[in-house]
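Quick look at work_4.txt (compact mmCIF, C-alpha atoms):
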# COMPACT_ATOMS: atom_id res chain seq x y z
CA MET A 21 -45.76 135.60 -90.76
CA VAL A 22 -48.79 134.83 -88.60
CA THR A 23 -50.04 131.29 -88.72
CA ARG A 24 -53.37 130.35 -87.28
CA GLN A 25 -54.06 127.04 -85.58
CA PRO A 26 -57.08 125.09 -86.81
CA LEU A 27 -60.21 125.78 -84.76
CA THR A 28 -60.63 122.51 -82.91
CA SER A 29 -62.88 121.58 -80.04
CA ALA A 30 -60.05 122.53 -77.70
CA PHE A 31 -60.97 126.16 -78.40
CA GLY A 32 -64.65 125.57 -77.73
CA ALA A 33 -65.61 124.94 -81.33
CA VAL A 34 -68.60 122.63 -81.67
CA PRO A 35 -68.09 119.51 -83.83
CA LEU A 36 -70.44 119.11 -86.78
CA GLY A 37 -73.74 117.55 -85.82
CA GLN A 38 -73.54 118.47 -82.15
CA LYS A 39 -75.68 120.95 -80.28
CA PRO A 40 -74.15 124.47 -80.16
CA ASN A 41 -72.71 125.94 -76.99
CA THR A 42 -75.33 128.31 -75.59
CA SER A 43 -73.37 129.55 -72.58
CA VAL A 44 -70.97 132.19 -73.85
CA SER A 45 -68.49 134.73 -72.48
CA PHE A 46 -67.00 137.73 -74.20
CA PHE A 47 -64.48 140.50 -73.68
CA ASN A 48 -65.32 143.88 -75.19
CA PRO A 49 -62.78 144.45 -78.02
CA ASN A 50 -63.31 148.21 -77.58
CA GLN A 51 -62.69 148.08 -73.84
CA VAL A 52 -62.55 151.56 -72.32
CA ALA A 53 -59.45 152.10 -70.19
CA PRO A 54 -59.99 153.13 -66.57
CA ILE A 55 -59.26 156.78 -65.88
CA SER A 56 -58.83 158.76 -62.67
CA TYR A 57 -58.47 162.44 -61.87
CA GLN A 58 -56.67 163.80 -58.81
CA TYR A 59 -56.77 167.35 -57.55
CA ASN A 60 -55.69 169.08 -54.38
CA LEU A 61 -55.59 172.45 -52.72
CA GLY A 62 -53.54 173.47 -49.73
CA ILE A 63 -52.84 176.58 -47.69
CA GLN A 64 -49.95 176.82 -45.28
CA ARG A 65 -49.02 179.45 -42.73
CA GLU A 66 -46.29 179.89 -40.16
CA VAL A 67 -48.66 180.71 -37.31
CA ALA A 68 -45.89 181.13 -34.73
CA ARG A 69 -42.14 180.96 -34.77
CA ASP A 70 -41.04 177.57 -36.16
CA LEU A 71 -44.63 176.29 -36.19
CA LEU A 72 -46.17 175.51 -39.57
CA VAL A 73 -49.85 174.72 -40.05
CA GLU A 74 -51.30 173.47 -43.34
CA VAL A 75 -54.95 172.91 -44.24
CA GLY A 76 -55.82 171.12 -47.44
CA TYR A 77 -58.21 169.15 -49.57
CA ILE A 78 -57.53 166.10 -51.75
CA GLY A 79 -59.99 164.73 -54.28
CA ASN A 80 -60.09 161.77 -56.63
CA VAL A 81 -62.70 160.73 -59.18
CA SER A 82 -62.38 157.51 -61.19
CA HIS A 83 -64.44 156.19 -64.08
CA HIS A 84 -64.49 153.01 -66.17
CA LEU A 85 -62.99 150.95 -63.36
CA THR A 86 -62.71 147.25 -64.08
CA ALA A 87 -65.66 145.49 -62.46
CA ASN A 88 -66.72 141.92 -61.80
CA ASP A 89 -67.93 139.77 -64.66
CA LEU A 90 -71.45 140.80 -65.58
CA SER A 91 -74.13 138.30 -66.49
CA LEU A 92 -76.15 139.93 -69.28
CA ASN A 93 -78.74 137.40 -70.19
CA GLN A 94 -80.83 137.18 -67.05
CA VAL A 95 -84.59 137.41 -66.99
CA PRO A 96 -85.50 141.02 -66.13
CA PRO A 97 -87.01 141.17 -62.61
CA GLN A 98 -90.22 142.83 -63.82
CA LEU A 99 -91.08 139.80 -65.97
CA MET B 15 -92.81 135.90 -62.90
CA THR B 16 -95.30 135.16 -65.63
CA SER B 17 -95.98 131.57 -66.50
CA GLY B 18 -94.29 129.94 -69.48
CA ASN B 19 -90.79 129.07 -70.55
CA ALA B 20 -88.35 131.24 -68.61
CA GLN B 21 -85.75 130.77 -71.34
CA LEU B 22 -87.94 132.79 -73.73
CA LEU B 23 -87.97 135.73 -71.30
CA ARG B 24 -84.20 136.19 -71.51
CA PRO B 25 -82.90 139.17 -73.51
CA PHE B 26 -81.12 136.73 -75.84
CA PRO B 27 -83.36 133.62 -75.73
CA GLN B 28 -81.06 131.68 -78.07
CA PHE B 29 -78.37 131.68 -75.35
CA SER B 30 -78.38 130.53 -71.75
CA ASN B 31 -75.73 132.51 -69.86
CA VAL B 32 -73.99 135.46 -71.52
CA THR B 33 -71.09 136.78 -69.48
CA TRP B 34 -69.33 140.08 -70.09
CA ILE B 35 -65.79 139.59 -68.78
CA ASN B 36 -64.28 142.47 -66.79
CA PRO B 37 -66.64 145.24 -67.90
CA SER B 38 -65.23 148.75 -67.30
CA ILE B 39 -68.35 150.08 -65.59
CA GLY B 40 -67.04 151.00 -62.14
CA SER B 41 -66.82 154.47 -60.61
CA SER B 42 -65.37 155.90 -57.43
CA THR B 43 -65.00 159.23 -55.64
CA TYR B 44 -62.69 160.28 -52.83
CA HIS B 45 -62.91 163.53 -50.92
CA GLY B 46 -60.54 164.24 -48.08
CA GLY B 47 -59.59 167.16 -45.90
CA PHE B 48 -56.43 167.35 -43.85
CA ILE B 49 -54.70 169.45 -41.23
CA ARG B 50 -50.96 169.27 -40.76
CA ALA B 51 -48.82 170.95 -38.12
CA GLU B 52 -45.04 170.92 -37.96
CA LYS B 53 -43.02 172.29 -35.07
CA ARG B 54 -39.27 172.62 -35.01
CA MET B 55 -37.74 173.10 -31.60
CA SER B 56 -34.66 175.20 -31.06
CA GLY B 57 -32.52 172.09 -30.68
CA SER B 58 -32.43 169.02 -32.83
CA LEU B 59 -36.01 167.96 -32.10
CA SER B 60 -39.01 168.35 -34.38
CA PHE B 61 -42.66 167.24 -34.36
CA LEU B 62 -45.15 166.55 -37.14
CA ALA B 63 -48.85 165.88 -36.68
CA HIS B 64 -51.32 165.03 -39.43
CA TYR B 65 -55.07 164.48 -39.35
CA THR B 66 -57.17 163.36 -42.35
CA PHE B 67 -60.95 163.02 -42.60
CA SER B 68 -62.32 161.56 -45.81
CA LYS B 69 -65.03 159.67 -47.60
CA PHE B 70 -64.32 157.06 -50.25
CA LEU B 71 -67.30 155.80 -52.25
CA ASP B 72 -67.42 153.29 -55.10
CA ASP B 73 -69.76 150.87 -56.83
CA VAL B 74 -67.29 148.05 -57.48
CA GLU B 75 -65.41 145.72 -55.19
CA ALA B 76 -61.69 145.19 -55.32
CA ALA B 77 -60.55 141.61 -54.79
CA ASN B 78 -58.91 142.55 -51.50
CA GLU B 79 -61.92 144.33 -50.05
CA PHE B 80 -63.30 143.23 -46.74
CA GLY B 81 -66.57 141.33 -47.16
CA SER B 82 -66.30 141.28 -50.93
CA THR B 83 -68.93 139.17 -52.63
CA GLY B 84 -67.70 139.54 -56.19
CA SER B 85 -71.12 140.08 -57.67
CA TYR B 86 -73.75 142.73 -58.26
CA MET B 87 -76.67 143.57 -56.00
CA ASP B 88 -78.80 144.09 -59.09
CA ALA B 89 -77.28 144.20 -62.55
CA TYR B 90 -80.25 146.29 -63.70
CA ASN B 91 -79.83 148.87 -60.92
CA ARG B 92 -76.15 149.72 -60.46
CA ARG B 93 -76.97 152.42 -57.90
CA LEU B 94 -77.58 149.69 -55.32
CA ASP B 95 -73.86 148.90 -55.29
CA LYS B 96 -72.80 152.45 -54.46
CA GLY B 97 -71.47 152.79 -50.97
CA ARG B 98 -68.39 153.19 -48.84
CA SER B 99 -65.41 151.52 -50.45
CA GLY B 100 -63.69 148.64 -48.72
CA SER B 101 -60.64 150.92 -48.72
CA ASP B 102 -62.51 153.74 -46.97
CA VAL B 103 -60.65 155.15 -43.96
CA PRO B 104 -62.82 158.01 -42.63
CA GLN B 105 -60.34 159.25 -40.04
CA ARG B 106 -56.59 158.94 -39.69
CA VAL B 107 -54.10 160.55 -37.35
CA VAL B 108 -50.33 160.32 -37.69
CA VAL B 109 -48.00 161.87 -35.14
CA THR B 110 -44.23 161.75 -35.48
CA MET B 111 -41.23 162.96 -33.55
CA LEU B 112 -37.76 163.27 -35.00
CA TYR B 113 -34.53 163.72 -33.10
CA GLU B 114 -31.19 164.37 -34.70
CA ILE B 115 -28.03 163.20 -32.94
CA ARG B 116 -25.36 165.85 -33.19
CA LYS B 117 -22.62 164.44 -30.99
CA GLY B 118 -20.68 161.24 -30.51
CA PHE B 119 -20.11 158.40 -32.89
CA LEU B 120 -23.79 158.43 -33.95
CA ARG B 121 -23.47 162.01 -35.13
CA GLY B 122 -25.62 162.66 -38.20
CA TRP B 123 -28.10 159.91 -37.42
CA LYS B 124 -31.77 160.61 -36.71
CA ILE B 125 -34.17 158.74 -34.48
CA GLY B 126 -37.85 158.82 -35.40
CA VAL B 127 -40.99 157.78 -33.54
CA LEU B 128 -44.22 157.40 -35.49
CA GLU B 129 -47.70 156.67 -34.20
CA THR B 130 -50.73 156.03 -36.42
CA ALA B 131 -54.39 155.73 -35.46
CA GLU B 132 -57.07 155.15 -38.07
CA SER B 133 -60.66 154.00 -38.53
CA GLY B 134 -61.15 150.30 -39.09
CA PRO B 135 -62.57 148.71 -42.24
CA ASN B 136 -66.29 148.90 -42.80
CA VAL B 137 -68.46 145.83 -42.87
CA HIS B 138 -71.51 145.80 -45.07
CA GLY B 139 -74.45 143.50 -44.76
CA ASP B 140 -76.26 142.10 -47.75
CA HIS B 141 -78.91 139.59 -48.64
CA ASN B 142 -77.08 138.40 -51.68
CA GLY B 143 -78.41 134.87 -51.74
CA GLU B 144 -82.03 135.89 -51.83
CA TYR B 145 -81.63 138.92 -54.02
CA ASN B 146 -79.48 137.23 -56.66
CA GLN B 147 -81.93 134.42 -56.82
CA CYS B 148 -84.64 136.96 -57.42
CA VAL B 149 -82.88 138.91 -60.14
CA PHE B 150 -80.85 136.25 -61.82
CA GLN B 151 -83.16 133.26 -61.75
CA PRO B 152 -86.87 132.78 -62.20
CA ASP B 153 -88.34 131.97 -58.81
CA PRO B 154 -89.56 128.35 -58.80
CA CYS B 155 -92.33 129.28 -56.36
CA GLY B 156 -93.65 132.03 -58.62
CA ARG B 157 -92.87 134.90 -56.26
CA THR B 158 -92.02 138.34 -57.59
CA CYS B 159 -88.96 140.35 -56.63
CA SER B 160 -90.82 142.74 -54.38
CA THR B 161 -92.30 139.94 -52.28
CA MET B 162 -89.09 137.90 -52.30
CA LEU B 163 -87.04 140.63 -50.64
CA GLY B 164 -88.88 140.11 -47.39
CA CYS B 165 -88.93 136.34 -47.68
CA PRO B 166 -86.67 133.74 -46.11
CA PRO B 167 -84.08 132.12 -48.40
CA ILE B 168 -85.47 129.59 -50.81
CA THR B 169 -84.83 126.06 -49.67
CA ALA B 170 -84.96 122.95 -51.78
CA PRO B 171 -88.28 121.11 -51.51
Show me this structure written as structure tokens.
Amino acid sequence: MVTRQPLTSAFGAVPLGQKPNTSVSFFNPNQVAPISYQYNLGIQREVARDLLVEVGYIGNVSHHLTANDLSLNQVPPQL
Amino acid sequence: MTSGNAQLLRPFPQFSNVTWINPSIGSSTYHGGFIRAEKRMSGSLSFLAHYTFSKFLDDVEAANEFGSTGSYMDAYNRRLDKGRSGSDVPQRVVVTMLYEIRKGFLRGWKIGVLETAESGPNVHGDHNGEYNQCVFQPDPCGRTCSTMLGCPPITAP
């Protein structure tokens, strides 16, 4: 059974009658997992006796990489 | 910056700072070409040479990256952060030699020699102090972003 601790000021809750906390942080509950794709192509030939030569390409593309904390509530520069 | 209360110009004026922790908004690309040559001599000696040329771009900074600032150039223009990754190694050469011992009490053992040469880490310049102040805070002197970029850092009066 899950029991929940009372929400005290230790968790950032604001006591009754006090000014609310206006500086907030959040973690996206639907956080997208980082993903990366690797692909490669290679051709090899025995160009002379006991001499192998290989030419190849390796590629990697990654998306949704975890980045630094982003401050969302800044005054837009055009204002 | 227009005159008035800067707090009211924020996207969420009821809050001061709103921080998105660890957003998954980074991207990277790596493209590399390589040439490898392997030569086996008639005896117990063989050679292997490898050359790689590559380009590694990203728009985020890993904690271990050289010159990492841990912030954004401009949160409203993510393209400004795109550039060579701190892990970019444009050129790398590895040459090895391997010799197999076939006689004596060391029979079956191999001796290897390996030499690596690679490009050093890149160093990027930035004007983070000025630019962050421009984007992230209203300028106390009333300057706009475009004029601030060419200005000296703001000093306390």
Using only C-alpha atoms, tabulate the residues of chain B lying at most 7 Å from any atom of chain A, each with its closest atom pair and that distance in Å to one decimal, by chain and increasing residue number, as CSV.
residue,atom,partner,partner_atom,distance
B:Met15,CA,A:Leu99,CA,5.3
B:Thr16,CA,A:Leu99,CA,6.3
B:Leu23,CA,A:Val95,CA,5.7
B:Arg24,CA,A:Val95,CA,4.7
B:Pro25,CA,A:Asn93,CA,5.6
B:Phe26,CA,A:Asn93,CA,6.2
B:Phe29,CA,A:Thr42,CA,4.5
B:Ser30,CA,A:Ser43,CA,5.2
B:Asn31,CA,A:Ser43,CA,4.7
B:Val32,CA,A:Val44,CA,5.0
B:Thr33,CA,A:Ser45,CA,4.5
B:Trp34,CA,A:Leu90,CA,5.0
B:Ile35,CA,A:Asp89,CA,4.6
B:Asn36,CA,A:Asp89,CA,5.0
B:Pro37,CA,A:Ala87,CA,5.5
B:Ser38,CA,A:Thr86,CA,4.4
B:Ile39,CA,A:His84,CA,4.9
B:Gly40,CA,A:Leu85,CA,4.2
B:Ser41,CA,A:His83,CA,4.5
B:Ser42,CA,A:Ser82,CA,5.1
B:Thr43,CA,A:Val81,CA,4.5
B:Tyr44,CA,A:Asn80,CA,4.8
B:His45,CA,A:Gly79,CA,4.6
B:Gly46,CA,A:Ile78,CA,5.1
B:Gly47,CA,A:Tyr77,CA,4.4
B:Phe48,CA,A:Gly76,CA,5.2
B:Ile49,CA,A:Val75,CA,4.6
B:Arg50,CA,A:Glu74,CA,4.9
B:Ala51,CA,A:Val73,CA,4.4
B:Glu52,CA,A:Leu72,CA,5.0
B:Lys53,CA,A:Leu71,CA,4.5
B:Arg54,CA,A:Asp70,CA,5.4
B:Val74,CA,A:Ala87,CA,5.8
B:Gly84,CA,A:Asn88,CA,6.2
B:Ser85,CA,A:Asn88,CA,6.3
B:Val149,CA,A:Pro97,CA,5.3
B:Phe150,CA,A:Gln94,CA,5.3
B:Gln151,CA,A:Val95,CA,6.8
B:Cys159,CA,A:Pro97,CA,6.3
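Pairwise distance (CA of Lys96 (chain B), CA of Ala131 (chain B)) equals 26.7 Å.
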Q. How far is it from CA of Glu132 (chain B) to CA of Ser101 (chain B), in Å with one decimal?
A. 12.0 Å
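Checking B:Ala89, B:Val103, B:Met111, B:Leu62 one by one against Gly134 (chain B), counting all atoms listed in the file, you find the shortest gap at B:Val103.
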Q: Mind giving me the straight-line distance from CA of Trp123 (chain B) to CA of Ser58 (chain B) in Å, one decimal?
A: 11.1 Å
Q) Skipping near chain neighbours, those fewer than 3 positions away, what residues fall within 10 Å of Glu129 (chain B) using only C-alpha atoms, listed as a PyMOL selection string? A) chain B and resi 63+107-111
Enclose region 74-84 of chain A, meaning all of its atoms listed in the file, in a box aligned along x, y and z, pad it by 6 Å on each side, and list the centre and edge lengths in Å to one decimal, as JSON.
{"center_x": -57.9, "center_y": 163.2, "center_z": -54.8, "size_x": 25.2, "size_y": 32.5, "size_z": 34.8}
Please produce region 75-88 of chain A, completed to N, CA, C and O atoms, as an mmCIF file, keeping the file's coordinate frame.
data_model
loop_
_atom_site.group_PDB
_atom_site.id
_atom_site.type_symbol
_atom_site.label_atom_id
_atom_site.label_comp_id
_atom_site.auth_asym_id
_atom_site.auth_seq_id
_atom_site.Cartn_x
_atom_site.Cartn_y
_atom_site.Cartn_z
ATOM 1 N N VAL A 75 -53.600 173.443 -44.084
ATOM 2 C CA VAL A 75 -54.950 172.910 -44.240
ATOM 3 C C VAL A 75 -55.148 172.620 -45.722
ATOM 4 O O VAL A 75 -54.769 173.441 -46.567
ATOM 5 N N GLY A 76 -55.701 171.459 -46.028
ATOM 6 C CA GLY A 76 -55.820 171.120 -47.440
ATOM 7 C C GLY A 76 -56.964 170.204 -47.762
ATOM 8 O O GLY A 76 -57.659 169.686 -46.886
ATOM 9 N N TYR A 77 -57.153 170.030 -49.047
ATOM 10 C CA TYR A 77 -58.210 169.150 -49.570
ATOM 11 C C TYR A 77 -57.586 168.279 -50.669
ATOM 12 O O TYR A 77 -56.758 168.739 -51.460
ATOM 13 N N ILE A 78 -57.976 167.009 -50.696
ATOM 14 C CA ILE A 78 -57.530 166.100 -51.750
ATOM 15 C C ILE A 78 -58.752 165.415 -52.324
ATOM 16 O O ILE A 78 -59.625 164.953 -51.581
ATOM 17 N N GLY A 79 -58.852 165.383 -53.642
ATOM 18 C CA GLY A 79 -59.990 164.730 -54.280
ATOM 19 C C GLY A 79 -59.549 163.759 -55.352
ATOM 20 O O GLY A 79 -58.488 163.920 -55.956
ATOM 21 N N ASN A 80 -60.349 162.747 -55.561
ATOM 22 C CA ASN A 80 -60.090 161.770 -56.630
ATOM 23 C C ASN A 80 -61.423 161.297 -57.196
ATOM 24 O O ASN A 80 -62.344 160.961 -56.452
ATOM 25 N N VAL A 81 -61.516 161.286 -58.510
ATOM 26 C CA VAL A 81 -62.700 160.730 -59.180
ATOM 27 C C VAL A 81 -62.205 159.739 -60.230
ATOM 28 O O VAL A 81 -61.295 160.057 -61.004
ATOM 29 N N SER A 82 -62.774 158.535 -60.229
ATOM 30 C CA SER A 82 -62.380 157.510 -61.190
ATOM 31 C C SER A 82 -63.595 157.007 -61.956
ATOM 32 O O SER A 82 -64.680 156.871 -61.396
ATOM 33 N N HIS A 83 -63.379 156.739 -63.234
ATOM 34 C CA HIS A 83 -64.440 156.190 -64.080
ATOM 35 C C HIS A 83 -63.904 154.985 -64.850
ATOM 36 O O HIS A 83 -62.698 154.834 -65.005
ATOM 37 N N HIS A 84 -64.821 154.188 -65.345
ATOM 38 C CA HIS A 84 -64.490 153.010 -66.170
ATOM 39 C C HIS A 84 -63.569 152.046 -65.423
ATOM 40 O O HIS A 84 -62.669 151.452 -66.028
ATOM 41 N N LEU A 85 -63.777 151.911 -64.132
ATOM 42 C CA LEU A 85 -62.990 150.950 -63.360
ATOM 43 C C LEU A 85 -63.395 149.528 -63.749
ATOM 44 O O LEU A 85 -64.560 149.276 -64.039
ATOM 45 N N THR A 86 -62.438 148.643 -63.732
ATOM 46 C CA THR A 86 -62.710 147.250 -64.080
ATOM 47 C C THR A 86 -63.581 146.610 -62.995
ATOM 48 O O THR A 86 -63.226 146.624 -61.822
ATOM 49 N N ALA A 87 -64.708 146.065 -63.407
ATOM 50 C CA ALA A 87 -65.660 145.490 -62.460
ATOM 51 C C ALA A 87 -65.733 143.985 -62.612
ATOM 52 O O ALA A 87 -65.107 143.398 -63.492
ATOM 53 N N ASN A 88 -66.522 143.373 -61.739
ATOM 54 C CA ASN A 88 -66.720 141.920 -61.800
ATOM 55 C C ASN A 88 -67.427 141.530 -63.087
ATOM 56 O O ASN A 88 -68.159 142.326 -63.673
#
